[in-house]
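Engineer: For reference, the structure I am asking about is given below.
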Amino acid sequence: MNIILLGPPGAGKGTQSANLEAKHNMRQLSTGDMLRAAVKAQTPVGLEAKAVMERGDLVSDEIVSALINDELAAMGDDVGAIFDGYPRTAAQAAALDEILAKHGRTLNHVIELEVDEDALVDRITGRYTCANCGTGYHDRHAQPEVEGICDKCGSTEFKRRPDDNEETVRNRMQEYRAKTAPILPIYAERGIVTGVDGMASIDEVTEALDAVLASD
Ligand SMILES: [Zn+2]
């Protein structure tokens, strides 16, 4: 099983990928993570990528393809791949088809975690966590029982992520739409795109993803 998981930041891709990895013997292949790992391990591709980045250039499609190729070669044939943040262009989509074919794999599903932009803004801009134990809260939807005191540990220190603001969320949405626009039609034409309601609860999204994976 090989899938592409799409969704803007905040849609829950990380949580759901971790679920899929645990339940379905799959591995998330994030190009950013792979790149950092290859550079650190000083593999031939990693060294090449490092040189490119040190010149201030963007890593080419060839390098990304080589990274994915290496990763799939190192993975067991029975382990499924979850592509995250890739492909982003029609050329990369074509390259991915070739790489998968080379490894005897095919792309089974492209799953998009669909979000409502305003609801996403509401979800992200209100969230904060206990600075001591990490328990999550929300200004409008999940306040501690006693104002200003963490339910779990009693701490009075809380923190917010600086990029959890409306402008950042809306910019990221726009960037996401621009990045998926070139590739969604390619996969829609093949009939392998499924939309899942990313605004549902974590468990409901997990169930919906399981249903998509069980549908072949
Ligand atoms: Zn706490």
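Identifiers for the structure tokens are assigned positionally: chains receive A, B, ... in sequence, residues are indexed from 1 per chain, and ligands are indexed from 1 in the order shown.
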Write out as a list in words the residues lying within 12 Å of Ile149 of chain A, counting only C-alpha atoms and excluding same-chain residues fewer than 5 positions away.

Structural biologist: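 Non-adjacent residues within range: Thr129, Cys130, Ala131, Asn132, Cys133, Thr135, Tyr137, Gln143, Pro144, Gly154, Ser155, Thr156, Glu157 and Phe158 of chain A.
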
Engineer: Can you write out the residues you just picked, keeping all heavy atoms, as an mmCIF file, in the first residue's frame?

Structural biologist:
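Final output, part_28.cif:
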data_model
loop_
_atom_site.group_PDB
_atom_site.id
_atom_site.type_symbol
_atom_site.label_atom_id
_atom_site.label_comp_id
_atom_site.auth_asym_id
_atom_site.auth_seq_id
_atom_site.Cartn_x
_atom_site.Cartn_y
_atom_site.Cartn_z
ATOM 1 N N THR A 129 -0.758 25.283 25.375
ATOM 2 C CA THR A 129 -0.435 24.095 26.155
ATOM 3 C C THR A 129 0.137 24.477 27.508
ATOM 4 O O THR A 129 0.644 25.576 27.701
ATOM 5 C CB THR A 129 0.631 23.210 25.448
ATOM 6 O OG1 THR A 129 1.768 24.034 25.157
ATOM 7 C CG2 THR A 129 0.103 22.615 24.165
ATOM 8 N N CYS A 130 0.026 23.543 28.439
ATOM 9 C CA CYS A 130 0.638 23.718 29.753
ATOM 10 C C CYS A 130 2.155 23.685 29.559
ATOM 11 O O CYS A 130 2.679 22.780 28.922
ATOM 12 C CB CYS A 130 0.206 22.596 30.693
ATOM 13 S SG CYS A 130 1.156 22.555 32.226
ATOM 14 N N ALA A 131 2.844 24.691 30.101
ATOM 15 C CA ALA A 131 4.298 24.764 29.916
ATOM 16 C C ALA A 131 5.008 23.663 30.695
ATOM 17 O O ALA A 131 6.134 23.301 30.378
ATOM 18 C CB ALA A 131 4.815 26.131 30.359
ATOM 19 N N ASN A 132 4.331 23.115 31.672
ATOM 20 C CA ASN A 132 4.966 22.084 32.503
ATOM 21 C C ASN A 132 4.732 20.672 31.990
ATOM 22 O O ASN A 132 5.679 19.917 31.801
ATOM 23 C CB ASN A 132 4.447 22.203 33.944
ATOM 24 C CG ASN A 132 5.036 21.138 34.851
ATOM 25 O OD1 ASN A 132 6.257 20.953 34.882
ATOM 26 N ND2 ASN A 132 4.186 20.424 35.565
ATOM 27 N N CYS A 133 3.460 20.304 31.711
ATOM 28 C CA CYS A 133 3.177 18.907 31.346
ATOM 29 C C CYS A 133 2.732 18.745 29.900
ATOM 30 O O CYS A 133 2.581 17.630 29.413
ATOM 31 C CB CYS A 133 2.141 18.295 32.288
ATOM 32 S SG CYS A 133 0.454 18.894 32.021
ATOM 33 N N THR A 135 -0.131 19.421 28.463
ATOM 34 C CA THR A 135 -1.553 19.218 28.202
ATOM 35 C C THR A 135 -2.094 20.346 27.307
ATOM 36 O O THR A 135 -1.777 21.508 27.520
ATOM 37 C CB THR A 135 -2.354 19.178 29.516
ATOM 38 O OG1 THR A 135 -1.875 18.097 30.303
ATOM 39 C CG2 THR A 135 -3.853 18.993 29.266
ATOM 40 N N TYR A 137 -4.824 22.878 25.603
ATOM 41 C CA TYR A 137 -6.062 23.600 25.921
ATOM 42 C C TYR A 137 -6.450 24.490 24.744
ATOM 43 O O TYR A 137 -5.689 24.627 23.781
ATOM 44 C CB TYR A 137 -5.877 24.457 27.179
ATOM 45 C CG TYR A 137 -5.639 23.638 28.425
ATOM 46 C CD1 TYR A 137 -4.349 23.440 28.922
ATOM 47 C CD2 TYR A 137 -6.710 23.038 29.079
ATOM 48 C CE1 TYR A 137 -4.136 22.670 30.054
ATOM 49 C CE2 TYR A 137 -6.500 22.271 30.221
ATOM 50 C CZ TYR A 137 -5.218 22.087 30.695
ATOM 51 O OH TYR A 137 -5.018 21.326 31.816
ATOM 52 N N GLN A 143 -11.077 24.972 27.897
ATOM 53 C CA GLN A 143 -10.432 25.716 28.981
ATOM 54 C C GLN A 143 -10.194 24.782 30.168
ATOM 55 O O GLN A 143 -10.926 23.822 30.368
ATOM 56 C CB GLN A 143 -11.349 26.865 29.439
ATOM 57 C CG GLN A 143 -11.402 28.031 28.467
ATOM 58 C CD GLN A 143 -10.200 28.963 28.627
ATOM 59 O OE1 GLN A 143 -9.102 28.539 28.969
ATOM 60 N NE2 GLN A 143 -10.411 30.245 28.372
ATOM 61 N N PRO A 144 -9.155 25.073 30.969
ATOM 62 C CA PRO A 144 -8.976 24.287 32.206
ATOM 63 C C PRO A 144 -10.201 24.490 33.115
ATOM 64 O O PRO A 144 -10.892 25.505 32.994
ATOM 65 C CB PRO A 144 -7.740 24.910 32.860
ATOM 66 C CG PRO A 144 -7.114 25.789 31.853
ATOM 67 C CD PRO A 144 -8.130 26.113 30.815
ATOM 68 N N GLY A 154 -1.524 21.232 37.787
ATOM 69 C CA GLY A 154 -1.632 22.392 38.683
ATOM 70 C C GLY A 154 -0.744 23.571 38.327
ATOM 71 O O GLY A 154 -0.751 24.585 39.013
ATOM 72 N N SER A 155 0.004 23.447 37.271
ATOM 73 C CA SER A 155 0.899 24.540 36.862
ATOM 74 C C SER A 155 0.082 25.757 36.426
ATOM 75 O O SER A 155 -1.057 25.645 35.969
ATOM 76 C CB SER A 155 1.779 24.076 35.703
ATOM 77 O OG SER A 155 2.443 25.181 35.110
ATOM 78 N N THR A 156 0.668 26.937 36.590
ATOM 79 C CA THR A 156 -0.011 28.155 36.152
ATOM 80 C C THR A 156 0.701 28.770 34.939
ATOM 81 O O THR A 156 0.413 29.884 34.535
ATOM 82 C CB THR A 156 -0.058 29.205 37.275
ATOM 83 O OG1 THR A 156 1.276 29.406 37.765
ATOM 84 C CG2 THR A 156 -0.944 28.742 38.421
ATOM 85 N N GLU A 157 1.674 28.029 34.425
ATOM 86 C CA GLU A 157 2.420 28.506 33.258
ATOM 87 C C GLU A 157 1.887 27.827 32.000
ATOM 88 O O GLU A 157 1.779 26.601 31.937
ATOM 89 C CB GLU A 157 3.915 28.151 33.401
ATOM 90 C CG GLU A 157 4.576 28.736 34.625
ATOM 91 C CD GLU A 157 4.932 30.211 34.442
ATOM 92 O OE1 GLU A 157 5.422 30.545 33.345
ATOM 93 O OE2 GLU A 157 4.688 30.998 35.365
ATOM 94 N N PHE A 158 1.566 28.655 31.000
ATOM 95 C CA PHE A 158 1.085 28.104 29.728
ATOM 96 C C PHE A 158 1.887 28.714 28.587
ATOM 97 O O PHE A 158 2.495 29.773 28.761
ATOM 98 C CB PHE A 158 -0.403 28.419 29.551
ATOM 99 C CG PHE A 158 -1.263 27.786 30.600
ATOM 100 C CD1 PHE A 158 -1.540 28.454 31.788
ATOM 101 C CD2 PHE A 158 -1.785 26.513 30.419
ATOM 102 C CE1 PHE A 158 -2.322 27.866 32.781
ATOM 103 C CE2 PHE A 158 -2.566 25.920 31.402
ATOM 104 C CZ PHE A 158 -2.842 26.597 32.587
#

Engineer: Considering only C-alpha atoms, return as number ranges by chain whatever protein or nucleic-acid residues lie within 12 Å of Ala119 of chain A, sequence-local ones (same chain, fewer than 2 positions apart) excluded.

Structural biologist: A: 10-11, 114-117, 121-126, 166, 169-170, 198-200

Engineer: For the atom pair atom CA of His109 of chain A and atom CA of Ile3 of chain A, what is the interatomic distance in Å to one decimal place?

Structural biologist: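 Straight-line distance from atom CA of His109 of chain A to atom CA of Ile3 of chain A works out to 4.8 Å.
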
Engineer: For a test of reading the model, state the distance in Å between atom CA of Phe83 of chain A and atom CA of Leu29 of chain A, rounded to one decimal.

Structural biologist: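 Between atom CA of Phe83 of chain A and atom CA of Leu29 of chain A the gap is 5.1 Å.
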
Engineer: Pick out the closest residue to Ile68 of chain A from this set: A:Met53, A:Ile99, A:Ile186, A:Val39. Count only C-alpha atoms.

Structural biologist: A:Ile99

Engineer: Taking the backbone alone, and naming residues the way the document does, which bits of segment 13-216 of chain A are alpha helix (DSSP H) by DSSP, as a VMD selection string?

Structural biologist: chain A and resid 13 to 24 31 to 41 44 to 54 61 to 74 90 to 102 117 to 125 166 to 180 184 to 189 202 to 213

Engineer: Need the shell around Thr194 of chain A: protein/DNA/RNA residues with any atom at most 8 Å away, counting only C-alpha atoms. Skip same-chain ones fewer than 2 positions apart. Format as a short mmCIF file (atom, residue, chain, number, x, y, z; two decimals) with all heavy atoms, in the first residue's frame?

Structural biologist:
data_model
loop_
_atom_site.label_atom_id
_atom_site.label_comp_id
_atom_site.auth_asym_id
_atom_site.auth_seq_id
_atom_site.Cartn_x
_atom_site.Cartn_y
_atom_site.Cartn_z
N HIS A 109 -3.60 5.26 -3.26
CA HIS A 109 -4.54 6.32 -2.88
C HIS A 109 -3.84 7.66 -2.70
O HIS A 109 -2.70 7.72 -2.25
CB HIS A 109 -5.23 6.00 -1.54
CG HIS A 109 -6.06 4.78 -1.59
ND1 HIS A 109 -7.31 4.75 -2.18
CD2 HIS A 109 -5.83 3.53 -1.12
CE1 HIS A 109 -7.81 3.54 -2.06
NE2 HIS A 109 -6.94 2.78 -1.43
N VAL A 110 -4.57 8.70 -3.05
CA VAL A 110 -4.17 10.06 -2.68
C VAL A 110 -5.28 10.55 -1.76
O VAL A 110 -6.44 10.68 -2.19
CB VAL A 110 -4.03 10.97 -3.91
CG1 VAL A 110 -3.73 12.40 -3.48
CG2 VAL A 110 -2.92 10.45 -4.83
N ILE A 111 -4.94 10.75 -0.49
CA ILE A 111 -5.97 11.12 0.48
C ILE A 111 -5.75 12.57 0.92
O ILE A 111 -4.66 12.93 1.34
CB ILE A 111 -5.94 10.19 1.71
CG1 ILE A 111 -6.07 8.74 1.26
CG2 ILE A 111 -7.04 10.57 2.70
CD1 ILE A 111 -5.89 7.72 2.38
N GLU A 112 -6.80 13.34 0.76
CA GLU A 112 -6.70 14.74 1.15
C GLU A 112 -7.49 14.98 2.44
O GLU A 112 -8.68 14.70 2.50
CB GLU A 112 -7.23 15.66 0.04
CG GLU A 112 -7.05 17.13 0.42
CD GLU A 112 -7.43 18.10 -0.69
OE1 GLU A 112 -8.32 17.77 -1.50
OE2 GLU A 112 -6.83 19.19 -0.74
N ILE A 192 -8.10 8.06 -8.00
CA ILE A 192 -7.56 7.55 -6.73
C ILE A 192 -7.54 8.61 -5.62
O ILE A 192 -6.96 8.39 -4.58
CB ILE A 192 -6.14 6.96 -6.91
CG1 ILE A 192 -5.16 7.98 -7.49
CG2 ILE A 192 -6.18 5.70 -7.78
CD1 ILE A 192 -3.70 7.52 -7.45
N VAL A 196 -11.12 13.32 2.89
CA VAL A 196 -11.53 12.93 4.23
C VAL A 196 -11.71 14.21 5.04
O VAL A 196 -10.90 15.13 4.93
CB VAL A 196 -10.48 12.00 4.88
CG1 VAL A 196 -10.69 11.88 6.37
CG2 VAL A 196 -10.48 10.64 4.22
N VAL A 212 -10.68 3.95 3.83
CA VAL A 212 -10.11 4.15 2.48
C VAL A 212 -9.09 3.05 2.18
O VAL A 212 -9.09 2.45 1.11
CB VAL A 212 -9.43 5.54 2.36
CG1 VAL A 212 -8.74 5.68 1.01
CG2 VAL A 212 -10.44 6.65 2.57
#

Engineer: So, with only C-alpha atoms and all ligand atoms as the atoms that count, which of A:Asp197, A:Glu71, A:Asp84, A:Asp151 lies closest to ligand 1?

Structural biologist: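 Of all the options, A:Asp151 lies closest to ligand 1.
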
Engineer: Applying 12 Å and only C-alpha atoms, which residues near Leu107 of chain A remain after dropping the ones on its own chain fewer than 2 positions away? List them as a PDB file with N, CA and C atoms, in the first residue's frame.

Structural biologist:
ATOM      1  N   MET A   1       0.841  -1.206   0.000  1.00  0.00           N
ATOM      2  CA  MET A   1       0.000   0.000   0.000  1.00  0.00           C
ATOM      3  C   MET A   1       0.873   1.253   0.000  1.00  0.00           C
ATOM      4  N   ASN A   2       0.699   2.080  -1.007  1.00  0.00           N
ATOM      5  CA  ASN A   2       1.457   3.331  -1.079  1.00  0.00           C
ATOM      6  C   ASN A   2       0.477   4.477  -1.277  1.00  0.00           C
ATOM      7  N   ILE A   3       0.579   5.478  -0.423  1.00  0.00           N
ATOM      8  CA  ILE A   3      -0.368   6.582  -0.498  1.00  0.00           C
ATOM      9  C   ILE A   3       0.341   7.939  -0.432  1.00  0.00           C
ATOM     10  N   ILE A   4      -0.360   8.947  -0.917  1.00  0.00           N
ATOM     11  CA  ILE A   4       0.068  10.328  -0.697  1.00  0.00           C
ATOM     12  C   ILE A   4      -0.946  10.924   0.264  1.00  0.00           C
ATOM     13  N   LEU A   5      -0.453  11.538   1.335  1.00  0.00           N
ATOM     14  CA  LEU A   5      -1.339  12.188   2.295  1.00  0.00           C
ATOM     15  C   LEU A   5      -1.201  13.697   2.135  1.00  0.00           C
ATOM     16  N   GLY A  80       4.468  -0.308   3.611  1.00  0.00           N
ATOM     17  CA  GLY A  80       3.851   0.687   2.743  1.00  0.00           C
ATOM     18  C   GLY A  80       4.477   2.058   2.927  1.00  0.00           C
ATOM     19  N   ALA A  81       4.308   2.909   1.921  1.00  0.00           N
ATOM     20  CA  ALA A  81       4.882   4.254   1.988  1.00  0.00           C
ATOM     21  C   ALA A  81       3.777   5.304   2.055  1.00  0.00           C
ATOM     22  N   ILE A  82       3.997   6.275   2.958  1.00  0.00           N
ATOM     23  CA  ILE A  82       3.095   7.437   3.041  1.00  0.00           C
ATOM     24  C   ILE A  82       3.903   8.643   2.588  1.00  0.00           C
ATOM     25  N   PHE A  83       3.576   9.206   1.443  1.00  0.00           N
ATOM     26  CA  PHE A  83       4.310  10.375   0.974  1.00  0.00           C
ATOM     27  C   PHE A  83       3.669  11.634   1.521  1.00  0.00           C
ATOM     28  N   ALA A  93       5.376  14.267  -9.895  1.00  0.00           N
ATOM     29  CA  ALA A  93       4.376  13.192  -9.902  1.00  0.00           C
ATOM     30  C   ALA A  93       4.786  12.108 -10.897  1.00  0.00           C
ATOM     31  N   ALA A  94       5.273  12.520 -12.061  1.00  0.00           N
ATOM     32  CA  ALA A  94       5.727  11.561 -13.077  1.00  0.00           C
ATOM     33  C   ALA A  94       6.950  10.800 -12.571  1.00  0.00           C
ATOM     34  N   LEU A  96       7.709  10.204  -9.473  1.00  0.00           N
ATOM     35  CA  LEU A  96       7.287   9.281  -8.414  1.00  0.00           C
ATOM     36  C   LEU A  96       6.733   7.985  -9.016  1.00  0.00           C
ATOM     37  N   ASP A  97       5.937   8.107 -10.087  1.00  0.00           N
ATOM     38  CA  ASP A  97       5.412   6.916 -10.762  1.00  0.00           C
ATOM     39  C   ASP A  97       6.550   5.993 -11.195  1.00  0.00           C
ATOM     40  N   GLU A  98       7.587   6.595 -11.759  1.00  0.00           N
ATOM     41  CA  GLU A  98       8.730   5.819 -12.253  1.00  0.00           C
ATOM     42  C   GLU A  98       9.466   5.114 -11.125  1.00  0.00           C
ATOM     43  N   ILE A  99       9.705   5.884 -10.045  1.00  0.00           N
ATOM     44  CA  ILE A  99      10.432   5.295  -8.907  1.00  0.00           C
ATOM     45  C   ILE A  99       9.642   4.137  -8.316  1.00  0.00           C
ATOM     46  N   LEU A 100       8.328   4.353  -8.132  1.00  0.00           N
ATOM     47  CA  LEU A 100       7.496   3.299  -7.539  1.00  0.00           C
ATOM     48  C   LEU A 100       7.515   2.059  -8.419  1.00  0.00           C
ATOM     49  N   ALA A 101       7.389   2.274  -9.731  1.00  0.00           N
ATOM     50  CA  ALA A 101       7.373   1.144 -10.679  1.00  0.00           C
ATOM     51  C   ALA A 101       8.675   0.349 -10.572  1.00  0.00           C
ATOM     52  N   HIS A 103      10.407  -0.139  -8.085  1.00  0.00           N
ATOM     53  CA  HIS A 103      10.402  -0.948  -6.874  1.00  0.00           C
ATOM     54  C   HIS A 103       9.197  -1.882  -6.804  1.00  0.00           C
ATOM     55  N   GLY A 104       8.533  -2.036  -7.940  1.00  0.00           N
ATOM     56  CA  GLY A 104       7.382  -2.928  -7.984  1.00  0.00           C
ATOM     57  C   GLY A 104       6.190  -2.435  -7.189  1.00  0.00           C
ATOM     58  N   ARG A 105       6.102  -1.123  -7.011  1.00  0.00           N
ATOM     59  CA  ARG A 105       5.006  -0.547  -6.235  1.00  0.00           C
ATOM     60  C   ARG A 105       4.107   0.291  -7.133  1.00  0.00           C
ATOM     61  N   HIS A 109      -3.597   5.262  -3.260  1.00  0.00           N
ATOM     62  CA  HIS A 109      -4.535   6.320  -2.881  1.00  0.00           C
ATOM     63  C   HIS A 109      -3.841   7.661  -2.699  1.00  0.00           C
ATOM     64  N   VAL A 110      -4.568   8.699  -3.046  1.00  0.00           N
ATOM     65  CA  VAL A 110      -4.170  10.056  -2.676  1.00  0.00           C
ATOM     66  C   VAL A 110      -5.280  10.551  -1.762  1.00  0.00           C
ATOM     67  N   ILE A 111      -4.944  10.748  -0.492  1.00  0.00           N
ATOM     68  CA  ILE A 111      -5.969  11.122   0.482  1.00  0.00           C
ATOM     69  C   ILE A 111      -5.751  12.566   0.916  1.00  0.00           C
ATOM     70  N   TYR A 187      -4.084  13.003 -10.289  1.00  0.00           N
ATOM     71  CA  TYR A 187      -4.531  11.826  -9.560  1.00  0.00           C
ATOM     72  C   TYR A 187      -6.055  11.681  -9.605  1.00  0.00           C
ATOM     73  N   ARG A 190      -7.103   9.643 -12.436  1.00  0.00           N
ATOM     74  CA  ARG A 190      -6.932   8.190 -12.238  1.00  0.00           C
ATOM     75  C   ARG A 190      -7.977   7.624 -11.279  1.00  0.00           C
ATOM     76  N   GLY A 191      -8.758   8.523 -10.686  1.00  0.00           N
ATOM     77  CA  GLY A 191      -9.801   8.065  -9.768  1.00  0.00           C
ATOM     78  C   GLY A 191      -9.264   7.559  -8.443  1.00  0.00           C
ATOM     79  N   ILE A 192      -8.105   8.057  -7.998  1.00  0.00           N
ATOM     80  CA  ILE A 192      -7.559   7.551  -6.731  1.00  0.00           C
ATOM     81  C   ILE A 192      -7.541   8.606  -5.622  1.00  0.00           C
ATOM     82  N   VAL A 193      -8.225   9.736  -5.867  1.00  0.00           N
ATOM     83  CA  VAL A 193      -8.257  10.771  -4.833  1.00  0.00           C
ATOM     84  C   VAL A 193      -9.483  10.592  -3.940  1.00  0.00           C
ATOM     85  N   LEU A 213      -8.230   2.772   3.159  1.00  0.00           N
ATOM     86  CA  LEU A 213      -7.195   1.756   2.950  1.00  0.00           C
ATOM     87  C   LEU A 213      -7.790   0.370   2.772  1.00  0.00           C
ATOM     88  N   ASP A 216      -9.534  -1.385  -1.108  1.00  0.00           N
ATOM     89  CA  ASP A 216      -9.094  -2.151  -2.295  1.00  0.00           C
ATOM     90  C   ASP A 216      -9.206  -3.636  -2.041  1.00  0.00           C
TER      91      ASP A 216
END

Engineer: With only C-alpha atoms as the basis for distance, which of A:Arg172, A:Lys23, A:Lys179, A:His141 is at the shortest distance from Pro87 of chain A?

Structural biologist: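 Residue with the minimum atom-to-atom distance to Pro87 of chain A: A:Lys179.
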
Engineer: Name all residues at most 12 Å from Met34 of chain A (count only C-alpha atoms; drop same-chain ones fewer than 6 positions away) and give them as a PyMOL selection string.

Structural biologist: chain A and resi 27-28+40-43+45-46+49+63-72+83-86

Engineer: Enumerate the residues of segment 60-184 of chain A with a DSSP assignment of strand (DSSP E), computed from the backbone, and present them as a list in words.

Structural biologist: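 Written out, the strand (DSSP E) residues of segment 60-184 of chain A are Gly80, Ala81, Ile82, Phe83, Asp84, His109, Val110, Ile111, Glu112, Leu113, Glu114, Arg127, Tyr128, Thr129, Cys130, Gly136, Tyr137, His138, Phe158 and Lys159 of chain A.
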
Engineer: Select, from A:Thr180, A:His24, A:Glu147, A:Glu175, the residue with the minimum atom-to-atom distance to Ala214 of chain A, counting only C-alpha atoms.

Structural biologist: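 Nearest to Ala214 of chain A: A:His24.
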
Engineer: Of the residues A:Pro185, A:Glu48, A:Asn108, A:Pro162, which is the one nearest to Ser215 of chain A, using only C-alpha atoms?

Structural biologist: A:Asn108

Engineer: Smallest atom-to-atom distance to ligand 1: which of A:Ala95, A:Cys153, A:Ala51, A:Ala18, using only C-alpha atoms and all ligand atoms?

Structural biologist: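 With only C-alpha atoms and all ligand atoms as the atom set, the closest residue is A:Cys153.
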